[in-house]
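*Asks:* Handing you this structure, nothing more for now.
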Amino acid sequence: MTIKDYLKDTISNCWALGHFNFSENDALRAIVESAAELKTPIFVGVSENERKHIGIKETIALVRAFREEFGIPIFLNADHHKNFEAVKEVVDAGYDAILADFSKLPFEENIKMTKQSVEYAKSKNPDIITEGELGYVRGESKIQTEVIEIKPEDLTKPEEAAQFVKETGVDLLAPAVGNIHGIVTNNSGTIDIQRIGDIKKAIGENIYLVLHGGSGLNELEFKNAIEAGVSMVHINTEIRVAFTESLRKTLQEMPEETTPYKVMAPSILAMKKVIAEKLKIFRSVNRL
């Protein structure tokens, strides 16, 4: 099945693809092993900085190797690439999907730059999956103790979403619906399920919604978001936190250990636990 086939199936059977970021081989292994054990296709993503850290050719080679080893669909996404040159670079390298994120620009400029990115990507690879972002998703991929105020103007308007997808030609839309990047410890807000449903209705059945900022949301929020029309959920901070907390604990408990793979092994298991929990919540199990 193609990416589009899986996306269509998320709507037909009310589940969501899991998208997890990685910046190290160990995180990628944790993601893929979890997906293979639960028999689900998986999206793996690298932001601009994550991709620069690993290397653009190295990310592709790693994903290719894991596909061959585990025999499951693994789709590589260029997550939050925020300028046209960066988009061109990953398209030319052969990524499966891109998020051309110009959401900080004014609406018309966002449309213009996203459309340019989509047209370039499709000219190089008609099967590439393109995503745009509309609205302002606040926060960043870390634990945030400060209060983050979501303003009404941050949120995606359904009528603008319809115009955006029509004029840009994207396959996926990442809206702002009260979601926040990272884990927010001092936040009483929740995502706007009604808005998700209204946006999905406005953009139509052949454009798919992506929920960014999934780290920290509860099971009911995920369930309601998926039932309202979300087809993919991004998780990054939670697996980063699982990794670093486990690593700190291991280094304290094994101060004399100098073998990297022995030090890293508990961290891989900690990430796998988080990933598996999320995939089960997303109803992704046994979707191959």
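Following the order of the structure tokens, chains are lettered A, B, ..., residues in each are numbered from 1, and ligands are numbered from 1.
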Can you tell me, as a ChimeraX atom specification, what residues are no more than 10 Å from A:His212 when counting only C-alpha atoms, ignoring any on the same chain fewer than 2 positions away?
*Replies:* /A:19,133,137,174-177,179-182,209-210,214-215,232-236
*Asks:* Any chance you could list, as a ChimeraX atom specification, the residues in stretch 53-210 of chain A that come up strand (DSSP E or B) when DSSP is run on the backbone?
*Replies:* /A:74-81,97-100,129-134,139-144,172-175,181-184,208-210
*Asks:* For stretch 86-95 of chain A, find every residue with an atom within 9 Å (counting only C-alpha atoms), except residues of its own chain fewer than 2 positions away, and show them as a tab-separated table (two decimals) with N, CA, C and O atoms, in the first residue's frame.
*Replies:*
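New file out_2.tsv:
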chain	number	residue	atom	x	y	z
A	48	GLU	N	14.74	20.28	10.55
A	48	GLU	CA	15.95	20.78	9.89
A	48	GLU	C	17.19	20.51	10.74
A	48	GLU	O	18.21	20.04	10.24
A	56	ILE	N	21.87	14.37	5.76
A	56	ILE	CA	20.74	14.11	4.87
A	56	ILE	C	20.83	12.75	4.19
A	56	ILE	O	19.85	12.01	4.08
A	57	LYS	N	22.02	12.38	3.74
A	57	LYS	CA	22.19	11.06	3.11
A	57	LYS	C	22.10	9.95	4.14
A	57	LYS	O	21.58	8.87	3.86
A	60	ILE	N	18.45	8.94	5.01
A	60	ILE	CA	17.85	8.10	3.96
A	60	ILE	C	18.42	6.68	4.02
A	60	ILE	O	17.68	5.69	3.91
A	75	PHE	N	8.03	5.54	6.38
A	75	PHE	CA	8.01	6.72	5.52
A	75	PHE	C	8.81	7.84	6.18
A	75	PHE	O	8.57	8.20	7.33
A	76	LEU	N	9.74	8.40	5.43
A	76	LEU	CA	10.65	9.42	5.94
A	76	LEU	C	10.13	10.81	5.60
A	76	LEU	O	9.94	11.15	4.43
A	77	ASN	N	9.92	11.62	6.64
A	77	ASN	CA	9.35	12.95	6.47
A	77	ASN	C	10.35	14.03	6.87
A	77	ASN	O	11.03	13.93	7.90
A	78	ALA	N	10.43	15.08	6.06
A	78	ALA	CA	11.20	16.28	6.40
A	78	ALA	C	10.28	17.20	7.20
A	78	ALA	O	9.46	17.91	6.63
A	81	HIS	N	10.35	22.10	7.72
A	81	HIS	CA	11.39	22.75	6.93
A	81	HIS	C	10.84	24.11	6.50
A	81	HIS	O	9.80	24.20	5.86
A	82	LYS	N	11.57	25.17	6.90
A	82	LYS	CA	10.98	26.50	6.93
A	82	LYS	C	11.53	27.48	5.90
A	82	LYS	O	11.26	28.67	5.99
A	83	ASN	N	12.27	26.98	4.93
A	83	ASN	CA	12.65	27.83	3.80
A	83	ASN	C	12.72	26.98	2.55
A	83	ASN	O	12.89	25.75	2.61
A	84	PHE	N	12.57	27.63	1.41
A	84	PHE	CA	12.44	26.90	0.15
A	84	PHE	C	13.69	26.11	-0.19
A	84	PHE	O	13.61	25.00	-0.73
A	97	ALA	N	8.19	12.45	2.16
A	97	ALA	CA	7.20	13.47	2.52
A	97	ALA	C	7.93	14.71	3.02
A	97	ALA	O	9.06	14.63	3.51
A	98	ILE	N	7.27	15.84	2.91
A	98	ILE	CA	7.84	17.10	3.40
A	98	ILE	C	6.76	17.92	4.10
A	98	ILE	O	5.59	17.88	3.71
A	99	LEU	N	7.17	18.62	5.14
A	99	LEU	CA	6.33	19.68	5.71
A	99	LEU	C	7.00	21.01	5.39
A	99	LEU	O	8.02	21.36	5.97
A	100	ALA	N	6.43	21.71	4.42
A	100	ALA	CA	6.89	23.05	4.07
A	100	ALA	C	6.17	24.02	5.00
A	100	ALA	O	5.01	24.38	4.77
A	117	SER	N	6.67	25.30	-2.93
A	117	SER	CA	7.30	24.08	-2.43
A	117	SER	C	6.60	22.84	-2.97
A	117	SER	O	7.25	21.87	-3.38
A	120	TYR	N	7.36	22.35	-6.72
A	120	TYR	CA	8.71	21.84	-6.93
A	120	TYR	C	8.78	20.35	-6.56
A	120	TYR	O	9.33	19.53	-7.31
A	121	ALA	N	8.22	20.02	-5.39
A	121	ALA	CA	8.27	18.63	-4.92
A	121	ALA	C	7.59	17.68	-5.90
A	121	ALA	O	8.13	16.62	-6.25
A	124	LYS	N	9.47	16.91	-9.09
A	124	LYS	CA	10.58	15.98	-8.92
A	124	LYS	C	10.10	14.56	-8.62
A	124	LYS	O	10.74	13.58	-9.02
A	125	ASN	N	9.00	14.47	-7.88
A	125	ASN	CA	8.47	13.16	-7.49
A	125	ASN	C	6.96	13.27	-7.31
A	125	ASN	O	6.49	13.75	-6.27
A	128	ILE	N	5.45	12.09	-3.93
A	128	ILE	CA	5.83	12.65	-2.63
A	128	ILE	C	4.61	13.24	-1.94
A	128	ILE	O	3.69	13.75	-2.59
*Asks:* Atom CA of A:Leu173 and atom CA of A:Ala161, how far apart in Å?
*Replies:*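 Going from atom CA of A:Ala161 over to atom CA of A:Leu173, I get 8.1 Å.
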*Asks:* Neighbours of A:Asp79 within 6 Å (only C-alpha atoms; same-chain residues fewer than 4 positions away dropped), as a list of chain:residue names?
*Replies:*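 Returned residues: A:Gly45, A:Val46, A:Ser47, A:Leu99.
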*Asks:* Just write the chosen residues, C-alpha atoms, as an mmCIF file, in the first residue's frame.
*Replies:*
data_model
loop_
_atom_site.group_PDB
_atom_site.id
_atom_site.type_symbol
_atom_site.label_atom_id
_atom_site.label_comp_id
_atom_site.auth_asym_id
_atom_site.auth_seq_id
_atom_site.Cartn_x
_atom_site.Cartn_y
_atom_site.Cartn_z
ATOM 1 C CA GLY A 45 10.611 12.545 10.835
ATOM 2 C CA VAL A 46 13.585 14.821 11.105
ATOM 3 C CA SER A 47 13.383 18.563 11.587
ATOM 4 C CA LEU A 99 6.332 19.680 5.712
#
*Asks:* Quick one: distance from atom CA of A:Leu28 to atom CA of A:Asn206 in Å, one decimal?
*Replies:*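 One can read the atom CA of A:Leu28 to atom CA of A:Asn206 distance as 29.5 Å.
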*Asks:* For A:Asp5, find every residue with an atom within 12 Å (counting only C-alpha atoms), except residues of its own chain fewer than 2 positions away, and show them as a ChimeraX atom specification.
*Replies:* /A:1-3,7-12,17,41,73,127,129,206,208,231,287-288
*Asks:* With all heavy atoms retained, could you export that selection as a compact mmCIF listing (two decimals), in the first residue's frame?
*Replies:*
# COMPACT_ATOMS: atom_id res chain seq x y z
N MET A 1 0.83 -1.20 0.00
CA MET A 1 0.00 0.00 0.00
C MET A 1 0.86 1.25 0.00
O MET A 1 1.96 1.27 0.57
CB MET A 1 -0.91 0.01 1.24
CG MET A 1 -2.00 -1.05 1.22
SD MET A 1 -2.95 -1.14 2.76
CE MET A 1 -3.76 0.46 2.76
N THR A 2 0.38 2.31 -0.63
CA THR A 2 1.09 3.58 -0.67
C THR A 2 0.73 4.41 0.57
O THR A 2 -0.18 4.07 1.34
CB THR A 2 0.71 4.38 -1.92
OG1 THR A 2 -0.68 4.75 -1.83
CG2 THR A 2 0.93 3.56 -3.18
N ILE A 3 1.43 5.54 0.74
CA ILE A 3 1.09 6.44 1.83
C ILE A 3 -0.37 6.89 1.71
O ILE A 3 -1.12 6.93 2.70
CB ILE A 3 2.01 7.68 1.83
CG1 ILE A 3 3.47 7.26 2.02
CG2 ILE A 3 1.60 8.65 2.94
CD1 ILE A 3 4.45 8.41 1.91
N LEU A 7 -3.47 6.66 4.37
CA LEU A 7 -4.19 7.85 4.80
C LEU A 7 -5.69 7.70 4.58
O LEU A 7 -6.50 8.05 5.45
CB LEU A 7 -3.66 9.08 4.06
CG LEU A 7 -2.27 9.57 4.48
CD1 LEU A 7 -1.72 10.57 3.48
CD2 LEU A 7 -2.31 10.18 5.89
N LYS A 8 -6.08 7.17 3.43
CA LYS A 8 -7.49 6.92 3.17
C LYS A 8 -8.08 5.96 4.19
O LYS A 8 -9.21 6.12 4.66
CB LYS A 8 -7.68 6.38 1.76
CG LYS A 8 -7.42 7.39 0.65
CD LYS A 8 -7.58 6.75 -0.73
CE LYS A 8 -7.27 7.76 -1.83
NZ LYS A 8 -7.35 7.14 -3.18
N ASP A 9 -7.28 4.95 4.55
CA ASP A 9 -7.76 3.95 5.49
C ASP A 9 -7.95 4.53 6.89
O ASP A 9 -8.81 4.08 7.65
CB ASP A 9 -6.79 2.77 5.54
CG ASP A 9 -7.38 1.56 6.25
OD1 ASP A 9 -8.38 1.02 5.74
OD2 ASP A 9 -6.86 1.18 7.31
N THR A 10 -7.15 5.55 7.25
CA THR A 10 -7.33 6.16 8.57
C THR A 10 -8.72 6.77 8.70
O THR A 10 -9.31 6.74 9.79
CB THR A 10 -6.28 7.26 8.85
OG1 THR A 10 -6.44 8.34 7.92
CG2 THR A 10 -4.86 6.72 8.79
N ILE A 11 -9.23 7.32 7.62
CA ILE A 11 -10.57 7.92 7.64
C ILE A 11 -11.64 6.83 7.63
O ILE A 11 -12.62 6.87 8.38
CB ILE A 11 -10.76 8.87 6.46
CG1 ILE A 11 -9.73 10.02 6.52
CG2 ILE A 11 -12.18 9.42 6.43
CD1 ILE A 11 -9.81 10.86 7.78
N SER A 12 -11.45 5.82 6.79
CA SER A 12 -12.43 4.75 6.67
C SER A 12 -12.59 3.96 7.96
O SER A 12 -13.69 3.54 8.32
CB SER A 12 -12.04 3.80 5.53
OG SER A 12 -11.97 4.48 4.30
N LEU A 17 -2.07 7.40 11.84
CA LEU A 17 -0.67 7.04 11.69
C LEU A 17 0.15 7.74 12.77
O LEU A 17 -0.07 8.92 13.06
CB LEU A 17 -0.16 7.47 10.31
CG LEU A 17 -0.60 6.63 9.11
CD1 LEU A 17 -0.57 7.46 7.84
CD2 LEU A 17 0.31 5.41 8.97
N PRO A 41 2.25 0.52 9.89
CA PRO A 41 3.13 1.43 9.14
C PRO A 41 3.52 2.59 10.03
O PRO A 41 2.80 2.91 10.99
CB PRO A 41 2.26 1.89 7.97
CG PRO A 41 0.86 1.77 8.49
CD PRO A 41 0.87 0.57 9.40
N PRO A 73 6.34 -0.85 6.21
CA PRO A 73 6.37 0.47 5.57
C PRO A 73 6.88 1.54 6.54
O PRO A 73 6.29 1.76 7.60
CB PRO A 73 4.91 0.74 5.19
CG PRO A 73 4.23 -0.60 5.27
CD PRO A 73 4.96 -1.36 6.33
N ASP A 127 4.82 11.28 -6.46
CA ASP A 127 4.28 10.50 -5.35
C ASP A 127 4.64 11.05 -3.98
O ASP A 127 4.18 10.53 -2.96
CB ASP A 127 4.78 9.05 -5.44
CG ASP A 127 4.27 8.33 -6.68
OD1 ASP A 127 3.11 8.59 -7.08
OD2 ASP A 127 5.03 7.54 -7.26
N ILE A 129 4.57 13.12 -0.63
CA ILE A 129 3.45 13.64 0.16
C ILE A 129 3.85 15.00 0.70
O ILE A 129 4.89 15.16 1.34
CB ILE A 129 3.10 12.68 1.31
CG1 ILE A 129 2.61 11.35 0.75
CG2 ILE A 129 2.03 13.29 2.21
CD1 ILE A 129 1.36 11.43 -0.10
N ASN A 206 -10.28 14.19 0.81
CA ASN A 206 -9.02 13.81 0.16
C ASN A 206 -7.81 14.60 0.65
O ASN A 206 -6.70 14.41 0.14
CB ASN A 206 -9.15 13.96 -1.36
CG ASN A 206 -10.15 12.97 -1.93
OD1 ASN A 206 -10.24 11.82 -1.50
ND2 ASN A 206 -10.94 13.42 -2.90
N TYR A 208 -5.77 15.44 4.28
CA TYR A 208 -5.71 14.77 5.57
C TYR A 208 -5.10 15.68 6.64
O TYR A 208 -4.14 16.41 6.37
CB TYR A 208 -4.93 13.46 5.44
CG TYR A 208 -5.52 12.57 4.39
CD1 TYR A 208 -5.04 12.59 3.08
CD2 TYR A 208 -6.60 11.74 4.67
CE1 TYR A 208 -5.61 11.80 2.09
CE2 TYR A 208 -7.18 10.95 3.70
CZ TYR A 208 -6.68 10.97 2.40
OH TYR A 208 -7.25 10.20 1.43
N SER A 231 -5.65 12.30 10.91
CA SER A 231 -5.13 11.08 10.30
C SER A 231 -3.70 10.75 10.70
O SER A 231 -3.23 9.65 10.43
CB SER A 231 -5.18 11.20 8.77
OG SER A 231 -6.51 11.18 8.30
N ARG A 287 -2.32 -2.88 11.36
CA ARG A 287 -2.81 -2.14 10.19
C ARG A 287 -2.03 -2.50 8.92
O ARG A 287 -2.28 -1.88 7.87
CB ARG A 287 -2.72 -0.64 10.44
CG ARG A 287 -3.60 -0.15 11.58
CD ARG A 287 -5.07 -0.30 11.29
NE ARG A 287 -5.91 0.16 12.41
CZ ARG A 287 -7.24 0.17 12.38
NH1 ARG A 287 -7.88 -0.25 11.29
NH2 ARG A 287 -7.93 0.59 13.43
N LEU A 288 -1.14 -3.45 8.99
CA LEU A 288 -0.40 -3.84 7.79
C LEU A 288 -1.23 -4.74 6.89
O LEU A 288 -2.04 -5.52 7.40
CB LEU A 288 0.90 -4.56 8.17
CG LEU A 288 1.92 -3.71 8.93
CD1 LEU A 288 3.16 -4.54 9.25
CD2 LEU A 288 2.33 -2.47 8.09
*Asks:* Taking into account only C-alpha atoms, which residue in the set A:Asp26, A:Glu253, A:Glu245, A:Glu160 is nearest to A:Asn110?
*Replies:*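 So, comparing all the options, the nearest one is A:Glu160.
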*Asks:* Using DSSP on the backbone, list every residue of stretch 92-178 of chain A that comes out as helix (DSSP H, G or I), and give them as a ChimeraX atom specification.
*Replies:* /A:92-93,107-124,152-154,158-168
*Asks:* Could you save the residues just selected, with N, CA, C and O atoms, as a short mmCIF file (atom, residue, chain, number, x, y, z; two decimals), in the first residue's frame?
*Replies:*
data_model
loop_
_atom_site.label_atom_id
_atom_site.label_comp_id
_atom_site.auth_asym_id
_atom_site.auth_seq_id
_atom_site.Cartn_x
_atom_site.Cartn_y
_atom_site.Cartn_z
N ASP A 92 15.15 16.77 -3.37
CA ASP A 92 16.18 16.25 -4.28
C ASP A 92 16.86 15.01 -3.71
O ASP A 92 17.30 14.13 -4.46
N ALA A 93 16.93 14.93 -2.39
CA ALA A 93 17.59 13.79 -1.75
C ALA A 93 16.72 12.53 -1.80
O ALA A 93 17.24 11.42 -1.70
N PHE A 107 -0.88 35.13 5.82
CA PHE A 107 -1.66 34.11 5.13
C PHE A 107 -1.32 33.99 3.64
O PHE A 107 -1.03 32.90 3.14
N GLU A 108 -1.37 35.08 2.92
CA GLU A 108 -1.12 35.03 1.48
C GLU A 108 0.31 34.60 1.16
O GLU A 108 0.56 33.88 0.19
N GLU A 109 1.26 35.05 1.99
CA GLU A 109 2.66 34.67 1.77
C GLU A 109 2.87 33.19 2.10
O GLU A 109 3.64 32.50 1.42
N ASN A 110 2.17 32.72 3.10
CA ASN A 110 2.22 31.29 3.44
C ASN A 110 1.72 30.46 2.25
O ASN A 110 2.35 29.47 1.86
N ILE A 111 0.61 30.88 1.67
CA ILE A 111 0.08 30.19 0.49
C ILE A 111 1.11 30.19 -0.64
O ILE A 111 1.38 29.15 -1.25
N LYS A 112 1.68 31.34 -0.91
CA LYS A 112 2.63 31.47 -2.01
C LYS A 112 3.83 30.54 -1.84
O LYS A 112 4.21 29.81 -2.77
N MET A 113 4.44 30.55 -0.66
CA MET A 113 5.65 29.76 -0.43
C MET A 113 5.34 28.26 -0.35
O MET A 113 6.12 27.43 -0.83
N THR A 114 4.21 27.93 0.24
CA THR A 114 3.82 26.52 0.30
C THR A 114 3.53 25.98 -1.09
O THR A 114 3.95 24.87 -1.45
N LYS A 115 2.82 26.77 -1.89
CA LYS A 115 2.51 26.36 -3.26
C LYS A 115 3.79 26.15 -4.07
O LYS A 115 3.93 25.17 -4.80
N GLN A 116 4.74 27.07 -3.91
CA GLN A 116 6.02 26.93 -4.61
C GLN A 116 6.72 25.62 -4.21
O GLN A 116 7.27 24.91 -5.05
N SER A 117 6.67 25.30 -2.93
CA SER A 117 7.30 24.08 -2.43
C SER A 117 6.60 22.84 -2.97
O SER A 117 7.25 21.87 -3.38
N VAL A 118 5.27 22.86 -2.96
CA VAL A 118 4.51 21.72 -3.46
C VAL A 118 4.78 21.50 -4.95
O VAL A 118 5.00 20.37 -5.40
N GLU A 119 4.75 22.57 -5.71
CA GLU A 119 4.98 22.44 -7.16
C GLU A 119 6.36 21.89 -7.45
O GLU A 119 6.53 21.04 -8.34
N TYR A 120 7.36 22.35 -6.72
CA TYR A 120 8.71 21.84 -6.93
C TYR A 120 8.78 20.35 -6.56
O TYR A 120 9.33 19.53 -7.31
N ALA A 121 8.22 20.02 -5.39
CA ALA A 121 8.27 18.63 -4.92
C ALA A 121 7.59 17.68 -5.90
O ALA A 121 8.13 16.62 -6.25
N LYS A 122 6.40 18.06 -6.36
CA LYS A 122 5.65 17.18 -7.27
C LYS A 122 6.32 17.09 -8.64
O LYS A 122 6.19 16.07 -9.32
N SER A 123 7.04 18.14 -9.05
CA SER A 123 7.74 18.09 -10.33
C SER A 123 8.90 17.09 -10.29
O SER A 123 9.28 16.52 -11.30
N LYS A 124 9.47 16.91 -9.09
CA LYS A 124 10.58 15.98 -8.92
C LYS A 124 10.10 14.56 -8.62
O LYS A 124 10.74 13.58 -9.02
N PRO A 152 -6.80 33.65 20.27
CA PRO A 152 -7.78 33.30 19.23
C PRO A 152 -7.22 33.42 17.82
O PRO A 152 -7.55 32.60 16.94
N GLU A 153 -6.36 34.41 17.59
CA GLU A 153 -5.81 34.59 16.24
C GLU A 153 -4.79 33.52 15.87
O GLU A 153 -4.40 33.40 14.71
N ASP A 154 -4.33 32.73 16.86
CA ASP A 154 -3.41 31.62 16.57
C ASP A 154 -4.11 30.49 15.81
O ASP A 154 -3.48 29.75 15.07
N PRO A 158 -11.57 27.46 9.59
CA PRO A 158 -11.97 26.48 8.58
C PRO A 158 -12.03 27.04 7.17
O PRO A 158 -11.59 26.40 6.21
N GLU A 159 -12.58 28.26 7.02
CA GLU A 159 -12.70 28.83 5.68
C GLU A 159 -11.33 29.14 5.08
O GLU A 159 -11.12 29.00 3.85
N GLU A 160 -10.36 29.55 5.91
CA GLU A 160 -9.01 29.79 5.41
C GLU A 160 -8.31 28.47 5.10
O GLU A 160 -7.52 28.39 4.16
N ALA A 161 -8.60 27.44 5.88
CA ALA A 161 -8.04 26.12 5.60
C ALA A 161 -8.49 25.62 4.23
O ALA A 161 -7.68 25.08 3.47
N ALA A 162 -9.76 25.82 3.91
CA ALA A 162 -10.27 25.40 2.60
C ALA A 162 -9.57 26.14 1.48
O ALA A 162 -9.19 25.54 0.46
N GLN A 163 -9.39 27.44 1.64
CA GLN A 163 -8.68 28.23 0.63
C GLN A 163 -7.23 27.80 0.52
O GLN A 163 -6.67 27.67 -0.59
N PHE A 164 -6.61 27.56 1.67
CA PHE A 164 -5.18 27.20 1.71
C PHE A 164 -4.92 25.90 0.95
O PHE A 164 -4.02 25.83 0.10
N VAL A 165 -5.69 24.86 1.23
CA VAL A 165 -5.42 23.58 0.57
C VAL A 165 -5.75 23.64 -0.92
O VAL A 165 -5.08 23.01 -1.75
N LYS A 166 -6.76 24.42 -1.28
CA LYS A 166 -7.11 24.55 -2.69
C LYS A 166 -6.02 25.25 -3.49
O LYS A 166 -5.65 24.82 -4.59
N GLU A 167 -5.46 26.31 -2.92
CA GLU A 167 -4.49 27.11 -3.66
C GLU A 167 -3.07 26.54 -3.60
O GLU A 167 -2.27 26.81 -4.50
N THR A 168 -2.76 25.78 -2.56
CA THR A 168 -1.39 25.25 -2.45
C THR A 168 -1.23 23.87 -3.05
O THR A 168 -0.14 23.51 -3.49
#
*Asks:* Atom CA of A:Gly71 and atom CA of A:Asn25 are how many Å apart?
*Replies:*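 Taking atom CA of A:Gly71 and atom CA of A:Asn25, their separation equals 17.6 Å.
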*Asks:* Which residues, written as a list in words, have at least one atom at most 12 Å from A:Leu251, with only C-alpha atoms counted and residues fewer than 4 positions away on the same chain left out?
*Replies:*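 Once the adjacent positions are removed, what remains is Thr244, Glu245, Ser246, Leu247, Pro255, Glu256, Glu257, Thr258, Thr259, Pro260, Lys262, Val263, Met264, Ala265, Pro266 and Ser267 of chain A.
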*Asks:* Deliver the residues from the most recent selection as a file, using all heavy atoms, as a tab-separated table (two decimals), in the first residue's frame.
*Replies:*
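Listed below is the output, again_18.tsv:
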chain	number	residue	atom	x	y	z
A	244	THR	N	16.26	10.74	27.69
A	244	THR	CA	17.21	11.44	28.55
A	244	THR	C	17.06	11.04	30.02
A	244	THR	O	18.06	10.89	30.73
A	244	THR	CB	17.08	12.97	28.41
A	244	THR	OG1	15.71	13.36	28.62
A	244	THR	CG2	17.51	13.42	27.03
A	245	GLU	N	15.81	10.84	30.47
A	245	GLU	CA	15.62	10.44	31.87
A	245	GLU	C	16.22	9.06	32.11
A	245	GLU	O	16.85	8.81	33.15
A	245	GLU	CB	14.14	10.46	32.22
A	245	GLU	CG	13.57	11.87	32.35
A	245	GLU	CD	12.13	11.89	32.79
A	245	GLU	OE1	11.49	10.80	32.81
A	245	GLU	OE2	11.62	12.98	33.14
A	246	SER	N	16.02	8.16	31.17
A	246	SER	CA	16.59	6.82	31.31
A	246	SER	C	18.11	6.86	31.26
A	246	SER	O	18.77	6.17	32.04
A	246	SER	CB	16.06	5.91	30.19
A	246	SER	OG	16.69	4.65	30.24
A	247	LEU	N	18.65	7.67	30.37
A	247	LEU	CA	20.10	7.75	30.24
A	247	LEU	C	20.74	8.30	31.52
A	247	LEU	O	21.76	7.78	32.00
A	247	LEU	CB	20.47	8.62	29.05
A	247	LEU	CG	21.96	8.76	28.74
A	247	LEU	CD1	22.61	7.40	28.50
A	247	LEU	CD2	22.18	9.68	27.54
A	255	PRO	N	28.22	3.89	36.85
A	255	PRO	CA	29.25	4.93	36.65
A	255	PRO	C	30.54	4.42	36.03
A	255	PRO	O	31.28	5.20	35.43
A	255	PRO	CB	29.48	5.47	38.06
A	255	PRO	CG	29.09	4.35	38.96
A	255	PRO	CD	27.94	3.68	38.28
A	256	GLU	N	30.81	3.13	36.14
A	256	GLU	CA	32.06	2.58	35.59
A	256	GLU	C	31.90	2.08	34.16
A	256	GLU	O	32.89	1.75	33.51
A	256	GLU	CB	32.56	1.43	36.48
A	256	GLU	CG	32.75	1.80	37.95
A	256	GLU	CD	33.73	2.94	38.13
A	256	GLU	OE1	34.75	2.95	37.41
A	256	GLU	OE2	33.47	3.81	38.98
A	257	GLU	N	30.64	2.02	33.68
A	257	GLU	CA	30.41	1.47	32.33
A	257	GLU	C	30.84	2.46	31.25
A	257	GLU	O	30.49	3.65	31.30
A	257	GLU	CB	28.92	1.13	32.15
A	257	GLU	CG	28.59	0.49	30.82
A	257	GLU	CD	29.38	-0.78	30.58
A	257	GLU	OE1	29.08	-1.79	31.27
A	257	GLU	OE2	30.29	-0.75	29.72
A	258	THR	N	31.61	1.98	30.28
A	258	THR	CA	32.08	2.84	29.19
A	258	THR	C	31.65	2.35	27.82
A	258	THR	O	31.98	2.98	26.81
A	258	THR	CB	33.62	2.93	29.21
A	258	THR	OG1	34.17	1.61	29.08
A	258	THR	CG2	34.11	3.59	30.50
A	259	THR	N	30.90	1.25	27.76
A	259	THR	CA	30.46	0.71	26.48
A	259	THR	C	29.16	1.39	26.05
A	259	THR	O	28.13	1.21	26.72
A	259	THR	CB	30.24	-0.81	26.57
A	259	THR	OG1	31.42	-1.42	27.09
A	259	THR	CG2	29.91	-1.39	25.21
A	260	PRO	N	29.18	2.18	24.98
A	260	PRO	CA	27.99	2.97	24.63
A	260	PRO	C	26.72	2.16	24.46
A	260	PRO	O	25.66	2.56	24.96
A	260	PRO	CB	28.40	3.66	23.32
A	260	PRO	CG	29.89	3.79	23.44
A	260	PRO	CD	30.33	2.54	24.12
A	262	LYS	N	25.77	-0.55	25.80
A	262	LYS	CA	25.26	-1.02	27.07
A	262	LYS	C	24.59	0.12	27.84
A	262	LYS	O	23.57	-0.08	28.51
A	262	LYS	CB	26.38	-1.64	27.90
A	262	LYS	CG	26.94	-2.93	27.33
A	262	LYS	CD	28.03	-3.52	28.21
A	262	LYS	CE	28.57	-4.81	27.62
A	262	LYS	NZ	29.65	-5.40	28.47
A	263	VAL	N	25.17	1.30	27.74
A	263	VAL	CA	24.59	2.47	28.40
A	263	VAL	C	23.27	2.87	27.74
A	263	VAL	O	22.32	3.30	28.41
A	263	VAL	CB	25.58	3.65	28.37
A	263	VAL	CG1	24.94	4.92	28.87
A	263	VAL	CG2	26.82	3.32	29.20
A	264	MET	N	23.20	2.70	26.42
A	264	MET	CA	22.03	3.15	25.67
A	264	MET	C	20.86	2.17	25.71
A	264	MET	O	19.71	2.56	25.48
A	264	MET	CB	22.42	3.38	24.20
A	264	MET	CG	23.50	4.42	24.01
A	264	MET	SD	22.97	6.07	24.45
A	264	MET	CE	21.92	6.42	23.07
A	265	ALA	N	21.11	0.90	25.99
A	265	ALA	CA	20.07	-0.12	25.89
A	265	ALA	C	18.82	0.22	26.71
A	265	ALA	O	17.69	0.10	26.20
A	265	ALA	CB	20.63	-1.48	26.30
A	266	PRO	N	18.93	0.64	27.97
A	266	PRO	CA	17.71	0.98	28.71
A	266	PRO	C	16.94	2.16	28.11
A	266	PRO	O	15.71	2.21	28.19
A	266	PRO	CB	18.24	1.33	30.11
A	266	PRO	CG	19.55	0.62	30.21
A	266	PRO	CD	20.13	0.69	28.83
A	267	SER	N	17.65	3.08	27.49
A	267	SER	CA	16.99	4.23	26.88
A	267	SER	C	16.15	3.81	25.68
A	267	SER	O	15.07	4.36	25.44
A	267	SER	CB	18.03	5.28	26.46
A	267	SER	OG	18.64	5.85	27.59
